[in-house]
Amino acid sequence: MIQSIFFLIISGFLLSKAFFKFKTIYRNINLGKNTTLEPSGQRLKNMVLFALGQRKMFDKPIVGILHLFIYAAFIITQIEFLETIIDGFFGTHRIFSKFLGSFYTLIINSIEILSVFALVATIIFLYRRNILKLLRFQKPEMKGWPSMDANLILFGEITLIFGIFLMNSSDQLLQQLDLKHYPTTGKFYLSSIISEHVLSAFPKDWLQLFERLGWWIHYITVLGFIVYLPTSKHLHIFLAFPNSYFSKTNSRGEMSAMPVIENEVRSMVGLDAKPINEPISENFGAKDIFDLSWRNLLEAYTCTECGRCTSVCPANLAGKKLSPRKIMMDIRDRTEEIGQKIDKANSNIDILKFEDGKSLFDKISREEIYACTSCNACVEACPVLINPLEPILELRRYDILMNSSGPNDWLPMFNSLENNQSVWAIAEPRTKWISDNS
Ligand code: SF4
Ligand code: SF4
């Protein structure tokens with residue numbers, strides 16, 4: 001009875017905390033501009049392939065398989081977690097075993113086998129990050145909290161596996177004592193090895209203590225994980241699904257047009273203006289998160305900080321300051337910053353007129369945005385279909401069109417475009433090559 005009350009208090013407190021955090025993230029993502037989604041039957045397929053199937057992870061098969069071990073173990077462990085919740089609530093013990101019989105034994109054995117694989121994968125990931133010091137995990141944006149965040153989750157995974165085996169192996173011995181509270185579940189093969197070689201010398205009271213300890217470690221670690229997720233890069237476990245569903249489905253190289261500018265250009269080259277079916281804005285590009293679309297902000301929250309984008313970025317490889325991963329992290333951090341300011345001001349703030357004297361340009365330098373070659377390599381590399389190029393282009397558009405800024409060595413190109421409709425300073429009609437080759 002006391003345990004059930006304690007269970008309810010802890011669960012209620014932690015779950016309500018998680019709920020409000022997730023609600024805040026949903027509100028923050030909606031601070032972005034509305035955007036028209038391209039019509040496509042591809043969305044569901046993308047979600048199944050890239051979020052559920054983790055297709056891009058298998059571009060590097062060994063890492064893909066290791067990641068799959070952790071992912072599969074996490075998913076299947078939720079069956080045991082669900083049972084833990086029901087047991088904790090009603091004061092029962094291994095409630096599913098009564099209904100599932102030998103299938104229950106199969107499930108727990110599968111969880112244990114996958115947990116061992118996940119443990120091996122976790123140790124390898126810790127080794128790669130902290131001892132092997134893989135280059136993409138050592139970039140400047142990964143210093144401090146991002147590195148700590150990744151390690152914390154990996155240690156959390158080890159704690160969870162420890163809890164599962166402590167709980168199961170002591171339970172196996174308690175079942176042999178024929179105590180009424182511990183129903184017979186069949187043999188858990190891996191736990192039995194621990195029971196036999198480590199725990200068999202302990203008396204009943206100790207075994208009960210170990211079983212409860214393992215049970216609570218298991219429960220609190222998963223619950224703690226749910227509460228921790230909204231402040232961690234591991235939020236992608238959930239957000240990869242909506243993100244891959246809503247990701248752009250048109251061709252990678254297609255840049256969104258600015259209708260007003262497009263019409264200016266059309267008139268310069270003697271073409272009719274196109275009708276504009278959206279409200280005409282006086283601003284071009286993006287200065288802050290409010291100018292980016294909610295899809296860009298969803299992407300920022302989905303970023304796994306894996307660095308695959310940065311490791312293929314030609315600008316970064318050439319030693320420039322640009323890192324597409326950092327761009328996404330900066331957008332997320334700025335969104336969080338604004339969200340916290342809105343929360344502090346309670347309802348005394350008009351979100352549409354939010355102003356704190358700062359912008360994305362306080363986090364992302366001009367040196368970074370102008371180093372981008374628009375090659376799309378980062379977009380291709382991202383395992384969860386994030387497009388770092390889009391916000392880079394929006395920031396650039398703002399700086400050039402609203403601040404009349406831009407690198408000095410781009411000025412001749414702008415002049416040529418204006419005078420010759422070509423990036424080259426050649427005073428010949430742009431379409432002359434057609435008649436030359438006819
Ligand atoms: S599009 Fe820009 S940020 Fe992305 S890989 Fe190419 S140069 Fe780097
Ligand atoms: S944008 Fe994609 S590839 Fe780049 S760090 Fe984030 S998740 Fe990884």
# chains A, B, ... in the order shown; residues from 1 in each chain; ligands from 1
>>> residues_near_ligand(ligand="ligand 2", cutoff="6 Å", atoms="only C-alpha atoms and all ligand atoms", output="number ranges by chain")
A: 303-309, 325, 381-384, 386
>>> write_last_selection(atoms="N, CA, C and O atoms", output="PDB file, in the first residue's frame")
ATOM      1  N   CYS A 303      16.990  17.850 -34.181  1.00  0.00           N
ATOM      2  CA  CYS A 303      18.419  17.572 -34.468  1.00  0.00           C
ATOM      3  C   CYS A 303      19.030  16.655 -33.404  1.00  0.00           C
ATOM      4  O   CYS A 303      18.939  16.918 -32.214  1.00  0.00           O
ATOM      5  N   THR A 304      19.666  15.590 -33.856  1.00  0.00           N
ATOM      6  CA  THR A 304      20.249  14.611 -32.934  1.00  0.00           C
ATOM      7  C   THR A 304      21.692  14.982 -32.563  1.00  0.00           C
ATOM      8  O   THR A 304      22.337  14.249 -31.823  1.00  0.00           O
ATOM      9  N   GLU A 305      22.173  16.084 -33.135  1.00  0.00           N
ATOM     10  CA  GLU A 305      23.555  16.551 -32.913  1.00  0.00           C
ATOM     11  C   GLU A 305      24.579  15.487 -33.323  1.00  0.00           C
ATOM     12  O   GLU A 305      25.662  15.408 -32.763  1.00  0.00           O
ATOM     13  N   CYS A 306      24.214  14.645 -34.296  1.00  0.00           N
ATOM     14  CA  CYS A 306      25.107  13.558 -34.697  1.00  0.00           C
ATOM     15  C   CYS A 306      26.307  14.077 -35.483  1.00  0.00           C
ATOM     16  O   CYS A 306      27.348  13.433 -35.535  1.00  0.00           O
ATOM     17  N   GLY A 307      26.150  15.231 -36.139  1.00  0.00           N
ATOM     18  CA  GLY A 307      27.278  15.829 -36.865  1.00  0.00           C
ATOM     19  C   GLY A 307      27.541  15.240 -38.228  1.00  0.00           C
ATOM     20  O   GLY A 307      28.547  15.552 -38.870  1.00  0.00           O
ATOM     21  N   ARG A 308      26.634  14.365 -38.706  1.00  0.00           N
ATOM     22  CA  ARG A 308      26.847  13.807 -40.046  1.00  0.00           C
ATOM     23  C   ARG A 308      26.849  14.920 -41.092  1.00  0.00           C
ATOM     24  O   ARG A 308      27.569  14.859 -42.074  1.00  0.00           O
ATOM     25  N   CYS A 309      26.013  15.939 -40.877  1.00  0.00           N
ATOM     26  CA  CYS A 309      25.956  17.070 -41.815  1.00  0.00           C
ATOM     27  C   CYS A 309      27.302  17.825 -41.824  1.00  0.00           C
ATOM     28  O   CYS A 309      27.862  18.099 -42.878  1.00  0.00           O
ATOM     29  N   ARG A 325      25.381  21.641 -38.270  1.00  0.00           N
ATOM     30  CA  ARG A 325      24.843  21.179 -36.977  1.00  0.00           C
ATOM     31  C   ARG A 325      24.710  22.348 -36.009  1.00  0.00           C
ATOM     32  O   ARG A 325      23.691  22.496 -35.331  1.00  0.00           O
ATOM     33  N   ALA A 381      22.882  14.180 -46.010  1.00  0.00           N
ATOM     34  CA  ALA A 381      23.485  13.338 -44.972  1.00  0.00           C
ATOM     35  C   ALA A 381      22.590  13.147 -43.751  1.00  0.00           C
ATOM     36  O   ALA A 381      22.766  12.189 -43.001  1.00  0.00           O
ATOM     37  N   CYS A 382      21.641  14.041 -43.549  1.00  0.00           N
ATOM     38  CA  CYS A 382      20.902  14.016 -42.277  1.00  0.00           C
ATOM     39  C   CYS A 382      20.020  12.774 -42.144  1.00  0.00           C
ATOM     40  O   CYS A 382      19.161  12.522 -42.994  1.00  0.00           O
ATOM     41  N   PRO A 383      20.181  12.001 -41.077  1.00  0.00           N
ATOM     42  CA  PRO A 383      19.389  10.772 -40.937  1.00  0.00           C
ATOM     43  C   PRO A 383      17.914  11.020 -40.626  1.00  0.00           C
ATOM     44  O   PRO A 383      17.089  10.127 -40.779  1.00  0.00           O
ATOM     45  N   VAL A 384      17.586  12.238 -40.166  1.00  0.00           N
ATOM     46  CA  VAL A 384      16.173  12.504 -39.820  1.00  0.00           C
ATOM     47  C   VAL A 384      15.567  13.588 -40.716  1.00  0.00           C
ATOM     48  O   VAL A 384      14.634  14.273 -40.331  1.00  0.00           O
ATOM     49  N   ILE A 386      16.537  16.562 -41.907  1.00  0.00           N
ATOM     50  CA  ILE A 386      16.597  17.997 -41.572  1.00  0.00           C
ATOM     51  C   ILE A 386      17.271  18.741 -42.725  1.00  0.00           C
ATOM     52  O   ILE A 386      18.159  18.203 -43.380  1.00  0.00           O
TER      53      ILE A 386
END
>>> residues_around(residues="A:Lys248", least_positions_apart="3", cutoff="10 Å", atoms="only C-alpha atoms", output="ChimeraX atom specification")
/A:37-40,42-43,243-245,251-252,295,385-387
>>> residues_around(residues="A:Ser323", least_positions_apart="6", cutoff="12 Å", atoms="only C-alpha atoms", output="ChimeraX atom specification")
/A:136,139-142,305-317,329-330,364-365,367-372,377-378,388-389,392
>>> residues_around(residues="stretch 48-63 of chain A", least_positions_apart="2", cutoff="7 Å", atoms="only C-alpha atoms", output="ChimeraX atom specification")
/A:44-46,65-67,240-241,244,383-384
>>> write_last_selection(atoms="N, CA and C atoms", output="compact mmCIF listing (two decimals), in the first residue's frame")
# COMPACT_ATOMS: atom_id res chain seq x y z
N LEU A 44 4.03 9.63 -45.52
CA LEU A 44 3.92 8.46 -44.64
C LEU A 44 5.10 7.51 -44.89
N LYS A 45 5.44 7.39 -46.18
CA LYS A 45 6.55 6.51 -46.55
C LYS A 45 7.86 7.01 -45.90
N ASN A 46 8.06 8.34 -45.97
CA ASN A 46 9.26 8.94 -45.36
C ASN A 46 9.33 8.62 -43.88
N ILE A 65 23.80 -0.74 -37.22
CA ILE A 65 23.38 -1.94 -36.46
C ILE A 65 23.48 -1.67 -34.95
N LEU A 66 24.56 -1.01 -34.54
CA LEU A 66 24.71 -0.70 -33.10
C LEU A 66 23.57 0.19 -32.62
N HIS A 67 23.24 1.18 -33.46
CA HIS A 67 22.15 2.09 -33.11
C HIS A 67 20.84 1.31 -33.04
N ALA A 240 11.54 12.66 -34.48
CA ALA A 240 11.94 12.16 -35.80
C ALA A 240 10.70 11.76 -36.61
N PHE A 241 9.65 11.33 -35.92
CA PHE A 241 8.44 10.89 -36.63
C PHE A 241 7.72 12.06 -37.30
N SER A 244 10.10 13.72 -40.04
CA SER A 244 10.25 13.08 -41.35
C SER A 244 8.92 13.13 -42.12
N PRO A 383 20.18 12.00 -41.08
CA PRO A 383 19.39 10.77 -40.94
C PRO A 383 17.91 11.02 -40.63
N VAL A 384 17.59 12.24 -40.17
CA VAL A 384 16.17 12.50 -39.82
C VAL A 384 15.57 13.59 -40.72
>>> select_by_dssp(residues="stretch 18-187 of chain A", states="alpha helix (DSSP H)", output="ChimeraX atom specification")
/A:18-29,43-46,61-90,95-100,102-130,145-176
